[in-house]
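One file, final.pdb, carrying PDB, C-alpha atoms:
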ATOM      1  CA  MET B   1       0.000   0.000   0.000
ATOM      2  CA  SER B   2       1.211   3.494  -0.840
ATOM      3  CA  THR B   3       2.523   5.851   1.825
ATOM      4  CA  TYR B   4       0.966   8.759  -0.082
ATOM      5  CA  GLU B   5      -2.452  10.308   0.312
ATOM      6  CA  THR B   6      -4.979   9.544  -2.414
ATOM      7  CA  ILE B   7      -5.256  12.350  -4.951
ATOM      8  CA  SER B   8      -8.487  14.327  -4.942
ATOM      9  CA  PHE B   9     -10.792  12.974  -7.648
ATOM     10  CA  HIS B  10     -12.749  16.216  -7.916
ATOM     11  CA  LEU B  11     -10.837  19.400  -8.710
ATOM     12  CA  GLU B  12     -12.265  22.777  -9.619
ATOM     13  CA  THR B  13     -10.683  25.868 -11.112
ATOM     14  CA  GLU B  14     -12.149  29.166 -12.222
ATOM     15  CA  ARG B  15     -13.248  27.716 -15.574
ATOM     16  CA  LEU B  16     -12.905  23.937 -15.240
ATOM     17  CA  ILE B  17     -14.112  20.882 -13.339
ATOM     18  CA  LEU B  18     -11.998  17.716 -13.223
ATOM     19  CA  ARG B  19     -13.983  14.711 -12.031
ATOM     20  CA  PRO B  20     -14.057  10.903 -12.149
ATOM     21  CA  TRP B  21     -14.833   9.077 -15.390
ATOM     22  CA  ALA B  22     -18.394   8.026 -16.157
ATOM     23  CA  GLU B  23     -19.787   5.746 -18.863
ATOM     24  CA  SER B  24     -21.397   8.864 -20.358
ATOM     25  CA  ASP B  25     -17.867  10.043 -21.273
ATOM     26  CA  THR B  26     -17.455   7.194 -23.783
ATOM     27  CA  ALA B  27     -18.494   9.058 -26.946
ATOM     28  CA  GLU B  28     -16.469  12.186 -26.194
ATOM     29  CA  PHE B  29     -13.394  10.220 -25.075
ATOM     30  CA  ARG B  30     -13.619   8.155 -28.252
ATOM     31  CA  ALA B  31     -13.824  11.345 -30.331
ATOM     32  CA  LEU B  32     -10.775  12.773 -28.536
ATOM     33  CA  LEU B  33      -8.738   9.621 -29.150
ATOM     34  CA  SER B  34      -9.859   9.646 -32.797
ATOM     35  CA  GLU B  35      -8.678  13.214 -33.208
ATOM     36  CA  ARG B  36      -5.093  11.985 -32.941
ATOM     37  CA  GLY B  37      -5.579  10.761 -36.519
ATOM     38  CA  LYS B  38      -3.999   7.332 -36.089
ATOM     39  CA  TRP B  39      -7.164   5.256 -35.592
ATOM     40  CA  THR B  40     -10.720   5.381 -34.294
ATOM     41  CA  PRO B  41     -11.237   3.126 -31.301
ATOM     42  CA  THR B  42     -14.423   1.100 -31.083
ATOM     43  CA  VAL B  43     -17.035   2.006 -28.488
ATOM     44  CA  GLU B  44     -16.161  -1.205 -26.627
ATOM     45  CA  HIS B  45     -12.434  -0.368 -26.668
ATOM     46  CA  THR B  46     -13.214   3.087 -25.255
ATOM     47  CA  ARG B  47     -15.451   1.659 -22.514
ATOM     48  CA  THR B  48     -12.684  -0.793 -21.625
ATOM     49  CA  ALA B  49     -10.149   2.047 -21.504
ATOM     50  CA  ILE B  50     -12.364   3.982 -19.075
ATOM     51  CA  ALA B  51     -12.802   0.865 -16.917
ATOM     52  CA  LYS B  52      -9.011   0.404 -16.862
ATOM     53  CA  LEU B  53      -8.521   4.036 -15.833
ATOM     54  CA  LEU B  54     -10.996   3.583 -12.963
ATOM     55  CA  THR B  55      -9.295   0.352 -11.865
ATOM     56  CA  ALA B  56      -5.861   2.013 -11.998
ATOM     57  CA  THR B  57      -7.197   4.821  -9.808
ATOM     58  CA  GLU B  58      -8.411   2.320  -7.196
ATOM     59  CA  THR B  59      -5.081   0.497  -7.267
ATOM     60  CA  THR B  60      -2.684   3.463  -7.294
ATOM     61  CA  GLY B  61      -4.547   6.324  -5.597
ATOM     62  CA  ILE B  62      -3.750   8.611  -8.552
ATOM     63  CA  ALA B  63      -6.091   9.503 -11.391
ATOM     64  CA  LEU B  64      -6.445  10.740 -14.919
ATOM     65  CA  LEU B  65      -9.601  12.877 -14.843
ATOM     66  CA  PRO B  66     -11.967  14.177 -17.517
ATOM     67  CA  ILE B  67     -11.987  17.970 -17.914
ATOM     68  CA  GLN B  68     -15.299  19.764 -18.252
ATOM     69  CA  ARG B  69     -15.721  23.472 -18.862
ATOM     70  CA  ARG B  70     -17.634  24.859 -15.897
ATOM     71  CA  ASP B  71     -20.027  27.186 -17.775
ATOM     72  CA  GLU B  72     -20.580  25.087 -20.891
ATOM     73  CA  GLY B  73     -20.529  21.697 -19.135
ATOM     74  CA  ASP B  74     -18.796  20.048 -22.098
ATOM     75  CA  PHE B  75     -15.984  17.478 -22.041
ATOM     76  CA  ILE B  76     -12.821  19.030 -23.503
ATOM     77  CA  GLY B  77     -10.148  16.489 -22.578
ATOM     78  CA  TYR B  78      -8.398  14.931 -19.620
ATOM     79  CA  CYS B  79      -5.621  15.724 -17.164
ATOM     80  CA  GLY B  80      -4.142  13.918 -14.201
ATOM     81  CA  LEU B  81      -1.439  11.651 -12.897
ATOM     82  CA  ILE B  82      -0.480   8.326 -14.432
ATOM     83  CA  ILE B  83       2.291   5.801 -13.943
ATOM     84  CA  GLY B  84       3.106   5.891 -17.670
ATOM     85  CA  ARG B  85       6.878   5.540 -18.013
ATOM     86  CA  SER B  86       7.441   6.417 -14.350
ATOM     87  CA  THR B  87       6.318   5.072 -10.932
ATOM     88  CA  VAL B  88       3.445   5.536  -8.511
ATOM     89  CA  GLU B  89       5.884   7.307  -6.167
ATOM     90  CA  GLU B  90       6.948   9.764  -8.886
ATOM     91  CA  PRO B  91       4.082   9.673 -11.407
ATOM     92  CA  GLU B  92       3.738  11.499 -14.701
ATOM     93  CA  ILE B  93       1.392  14.399 -15.268
ATOM     94  CA  ALA B  94      -0.586  13.876 -18.469
ATOM     95  CA  TYR B  95      -3.118  15.912 -20.396
ATOM     96  CA  GLU B  96      -4.805  15.994 -23.776
ATOM     97  CA  LEU B  97      -7.454  18.380 -25.071
ATOM     98  CA  PHE B  98      -9.653  18.523 -28.123
ATOM     99  CA  GLN B  99      -8.049  20.730 -30.780
ATOM    100  CA  ARG B 100     -11.022  23.108 -30.484
ATOM    101  CA  ALA B 101      -9.960  23.785 -26.871
ATOM    102  CA  HIS B 102      -6.289  24.521 -27.681
ATOM    103  CA  GLY B 103      -4.803  27.957 -27.146
ATOM    104  CA  ARG B 104      -7.144  29.085 -24.367
ATOM    105  CA  GLY B 105      -5.054  28.194 -21.305
ATOM    106  CA  TYR B 106      -7.195  25.209 -20.334
ATOM    107  CA  ALA B 107      -4.267  22.751 -20.265
ATOM    108  CA  THR B 108      -2.255  25.044 -17.998
ATOM    109  CA  GLU B 109      -5.250  25.634 -15.735
ATOM    110  CA  ALA B 110      -6.066  21.919 -15.430
ATOM    111  CA  ALA B 111      -2.424  20.871 -14.992
ATOM    112  CA  SER B 112      -1.943  23.518 -12.296
ATOM    113  CA  ALA B 113      -4.888  22.063 -10.344
ATOM    114  CA  VAL B 114      -3.446  18.553 -10.729
ATOM    115  CA  LEU B 115      -0.027  19.808  -9.605
ATOM    116  CA  ASP B 116      -1.577  21.250  -6.423
ATOM    117  CA  ALA B 117      -3.438  17.975  -5.842
ATOM    118  CA  ALA B 118      -0.180  16.025  -6.304
ATOM    119  CA  ILE B 119       1.528  18.220  -3.709
ATOM    120  CA  ALA B 120      -1.319  17.420  -1.283
ATOM    121  CA  THR B 121      -0.577  13.677  -1.645
ATOM    122  CA  GLY B 122       2.902  14.153  -0.149
ATOM    123  CA  ARG B 123       4.847  13.258  -3.282
ATOM    124  CA  LYS B 124       8.279  14.823  -3.801
ATOM    125  CA  ARG B 125       8.576  14.858  -7.609
ATOM    126  CA  LEU B 126       6.552  14.567 -10.814
ATOM    127  CA  TRP B 127       7.611  13.629 -14.325
ATOM    128  CA  ALA B 128       6.233  14.379 -17.762
ATOM    129  CA  THR B 129       7.155  12.833 -21.091
ATOM    130  CA  ILE B 130       6.382  14.710 -24.284
ATOM    131  CA  GLY B 131       7.030  14.033 -27.945
ATOM    132  CA  ALA B 132       9.926  16.229 -29.048
ATOM    133  CA  TRP B 133       7.627  17.891 -31.632
ATOM    134  CA  ASN B 134       5.004  19.029 -29.071
ATOM    135  CA  THR B 135       5.925  22.689 -28.488
ATOM    136  CA  PRO B 136       2.573  23.679 -26.900
ATOM    137  CA  SER B 137       2.953  21.009 -24.186
ATOM    138  CA  PHE B 138       6.465  22.233 -23.433
ATOM    139  CA  ARG B 139       5.053  25.719 -22.864
ATOM    140  CA  VAL B 140       2.402  24.382 -20.467
ATOM    141  CA  LEU B 141       4.945  22.464 -18.382
ATOM    142  CA  GLU B 142       7.491  25.274 -18.349
ATOM    143  CA  LYS B 143       4.793  27.605 -16.938
ATOM    144  CA  LEU B 144       4.347  25.064 -14.129
ATOM    145  CA  GLY B 145       8.059  24.909 -13.308
ATOM    146  CA  PHE B 146       8.998  21.656 -15.060
ATOM    147  CA  GLU B 147      12.547  21.423 -16.409
ATOM    148  CA  ARG B 148      14.012  19.170 -19.092
ATOM    149  CA  ASP B 149      15.860  16.175 -17.714
ATOM    150  CA  HIS B 150      16.730  13.855 -20.611
ATOM    151  CA  VAL B 151      15.602  12.445 -23.949
ATOM    152  CA  SER B 152      14.786   8.837 -24.814
ATOM    153  CA  THR B 153      13.740   7.124 -28.019
ATOM    154  CA  ASP B 154      11.157   4.383 -28.465
ATOM    155  CA  ASP B 155       8.739   3.156 -31.154
ATOM    156  CA  SER B 156       6.856   6.478 -30.920
ATOM    157  CA  GLY B 157       9.997   8.528 -31.575
ATOM    158  CA  GLU B 158      11.887  10.918 -29.312
ATOM    159  CA  ALA B 159      10.396  11.555 -25.884
ATOM    160  CA  VAL B 160      11.603  14.457 -23.803
ATOM    161  CA  TRP B 161      11.484  13.843 -20.052
ATOM    162  CA  LEU B 162      10.753  16.790 -17.794
ATOM    163  CA  THR B 163      10.648  16.815 -14.023
ATOM    164  CA  ARG B 164       9.500  19.062 -11.204
ATOM    165  CA  PRO B 165      10.318  18.769  -7.519
ATOM    166  CA  LEU B 166       7.322  19.256  -5.218
ATOM    167  CA  PRO B 167       7.422  21.252  -2.007
TER     168      PRO B 167
END
Just give me the structure as structure tokens.
Amino acid sequence: MSTYETISFHLETERLILRPWAESDTAEFRALLSERGKWTPTVEHTRTAIAKLLTATETTGIALLPIQRRDEGDFIGYCGLIIGRSTVEEPEIAYELFQRAHGRGYATEAASAVLDAAIATGRKRLWATIGAWNTPSFRVLEKLGFERDHVSTDDSGEAVWLTRPLP
């Protein structure tokens, strides 16, 4: 069992609500994954992915959470902590938004709320891995105090590792 507090599964900012996954998120999550342009997951695959995210949350005490705009109530992406290429002790921060939501500061706002929630768990460091081509994500993480650590290469190409110590 982890020596860290469980992350809050409900976070609110001025414009956003981050909350647990629901089956009603299936269509929007599927559309977001499809927007990557590589493939369109089936409805069943998307439901399974949500179930796996919920199970991982129960097991690890960290969560990847859907992002809803407060006023509009619409799903615009996700943000949270994952094990990814790291560990439960030093998880990765991850986020992805619909292209229609890019350029409005939502990723920074959501990631800032997740960063504060991570601090509240008692963790000492977070990681992020980003494709070397993803300039907008670098800007988000640099605003939050992440610094480049190293670069690795895998089947997806070059991944830049960033890290941030937590108070």
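Going from atom CA of B:Glu28 to atom CA of B:Gly77 covers 8.5 Å.
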* Using only C-alpha atoms, which residue out of B:Val88, B:Ala132, B:Leu53, B:Val140 lies closest to B:Gly105? -> B:Val140
* Asked: Hey, what's within 9 Å of B:Ser8 if we count all atoms listed in the file and toss same-chain stuff fewer than 4 positions away? As a PyMOL selection string, please?
  -> chain B and resi 19+61-63+114+117-118+120-121
* To do: With a distance cut-off of 7 Å and only C-alpha atoms, select the neighbouring residues of B:Gln68, excluding the residue or stretch itself and same-chain residues fewer than 4 positions from it, and output the selection as a PyMOL selection string.
  => chain B and resi 16-18+73-76
* To do: Return the single residue from B:Ala49, B:Leu64, B:His10, B:Glu35 that is closest to B:Arg100, with distances computed using all atoms listed in the file.
  => B:Glu35
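The closest residue to B:Arg15, picked from B:Asp154, B:Glu72, B:Glu96, B:Glu44 and counting all atoms listed in the file, is B:Glu72.
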* Place a sphere of radius 12 Å on (13.8, 11.8, -32.4) in the file coordinates and name every protein, DNA or RNA residue with an atom inside or on its surface, counting only C-alpha atoms; give the answer as a list in words. => Ile130, Gly131, Ala132, Trp133, Asn134, Val151, Ser152, Thr153, Asp154, Asp155, Ser156, Gly157, Glu158, Ala159 and Val160 of chain B
Any chance you could export the current selection's C-alpha atoms as a compact mmCIF listing (two decimals), keeping the file's coordinate frame?
# COMPACT_ATOMS: atom_id res chain seq x y z
CA ILE B 130 6.38 14.71 -24.28
CA GLY B 131 7.03 14.03 -27.94
CA ALA B 132 9.93 16.23 -29.05
CA TRP B 133 7.63 17.89 -31.63
CA ASN B 134 5.00 19.03 -29.07
CA VAL B 151 15.60 12.44 -23.95
CA SER B 152 14.79 8.84 -24.81
CA THR B 153 13.74 7.12 -28.02
CA ASP B 154 11.16 4.38 -28.46
CA ASP B 155 8.74 3.16 -31.15
CA SER B 156 6.86 6.48 -30.92
CA GLY B 157 10.00 8.53 -31.58
CA GLU B 158 11.89 10.92 -29.31
CA ALA B 159 10.40 11.56 -25.88
CA VAL B 160 11.60 14.46 -23.80
* **Protein/DNA/RNA residues near (-8.4, 23.9, -14.3), cut 8 Å, only C-alpha atoms, as number ranges by chain** => B: 11-18, 67, 106-113
Where is the centre and how long are the edges: axis-aligned box on stretch 4-11 of chain B, 3 Å on each side, Å to one decimal, as AutoDock Vina command-line options:
--center_x -5.9 --center_y 14.1 --center_z -4.2 --size_x 19.7 --size_y 16.6 --size_z 15.0
Regenerate stretch 27-40 of chain B at the level of N, CA and C atoms and dump it as an mmCIF file, in the frame of the given file.
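Contents of the output file rebuild.cif:
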data_model
loop_
_atom_site.group_PDB
_atom_site.id
_atom_site.type_symbol
_atom_site.label_atom_id
_atom_site.label_comp_id
_atom_site.auth_asym_id
_atom_site.auth_seq_id
_atom_site.Cartn_x
_atom_site.Cartn_y
_atom_site.Cartn_z
ATOM 1 N N ALA B 27 -18.464 8.479 -25.592
ATOM 2 C CA ALA B 27 -18.494 9.058 -26.946
ATOM 3 C C ALA B 27 -17.479 10.184 -27.091
ATOM 4 N N GLU B 28 -17.408 11.064 -26.114
ATOM 5 C CA GLU B 28 -16.469 12.186 -26.194
ATOM 6 C C GLU B 28 -15.018 11.714 -26.092
ATOM 7 N N PHE B 29 -14.751 10.744 -25.210
ATOM 8 C CA PHE B 29 -13.394 10.220 -25.075
ATOM 9 C C PHE B 29 -12.974 9.545 -26.379
ATOM 10 N N ARG B 30 -13.892 8.809 -26.970
ATOM 11 C CA ARG B 30 -13.619 8.155 -28.252
ATOM 12 C C ARG B 30 -13.305 9.197 -29.328
ATOM 13 N N ALA B 31 -14.065 10.273 -29.357
ATOM 14 C CA ALA B 31 -13.824 11.345 -30.331
ATOM 15 C C ALA B 31 -12.460 11.995 -30.103
ATOM 16 N N LEU B 32 -12.086 12.186 -28.844
ATOM 17 C CA LEU B 32 -10.775 12.773 -28.536
ATOM 18 C C LEU B 32 -9.655 11.856 -29.015
ATOM 19 N N LEU B 33 -9.763 10.571 -28.719
ATOM 20 C CA LEU B 33 -8.738 9.621 -29.150
ATOM 21 C C LEU B 33 -8.675 9.555 -30.673
ATOM 22 N N SER B 34 -9.808 9.666 -31.334
ATOM 23 C CA SER B 34 -9.859 9.646 -32.797
ATOM 24 C C SER B 34 -9.188 10.871 -33.406
ATOM 25 N N GLU B 35 -9.242 11.972 -32.696
ATOM 26 C CA GLU B 35 -8.678 13.214 -33.208
ATOM 27 C C GLU B 35 -7.162 13.138 -33.401
ATOM 28 N N ARG B 36 -6.539 12.172 -32.764
ATOM 29 C CA ARG B 36 -5.093 11.985 -32.941
ATOM 30 C C ARG B 36 -4.759 11.606 -34.386
ATOM 31 N N GLY B 37 -5.749 11.062 -35.106
ATOM 32 C CA GLY B 37 -5.579 10.761 -36.519
ATOM 33 C C GLY B 37 -4.967 9.417 -36.835
ATOM 34 N N LYS B 38 -4.642 8.626 -35.833
ATOM 35 C CA LYS B 38 -3.999 7.332 -36.089
ATOM 36 C C LYS B 38 -5.022 6.218 -36.278
ATOM 37 N N TRP B 39 -6.137 6.283 -35.529
ATOM 38 C CA TRP B 39 -7.164 5.256 -35.592
ATOM 39 C C TRP B 39 -8.372 5.736 -34.817
ATOM 40 N N THR B 40 -9.507 5.096 -35.057
ATOM 41 C CA THR B 40 -10.720 5.381 -34.294
ATOM 42 C C THR B 40 -11.037 4.149 -33.462
#
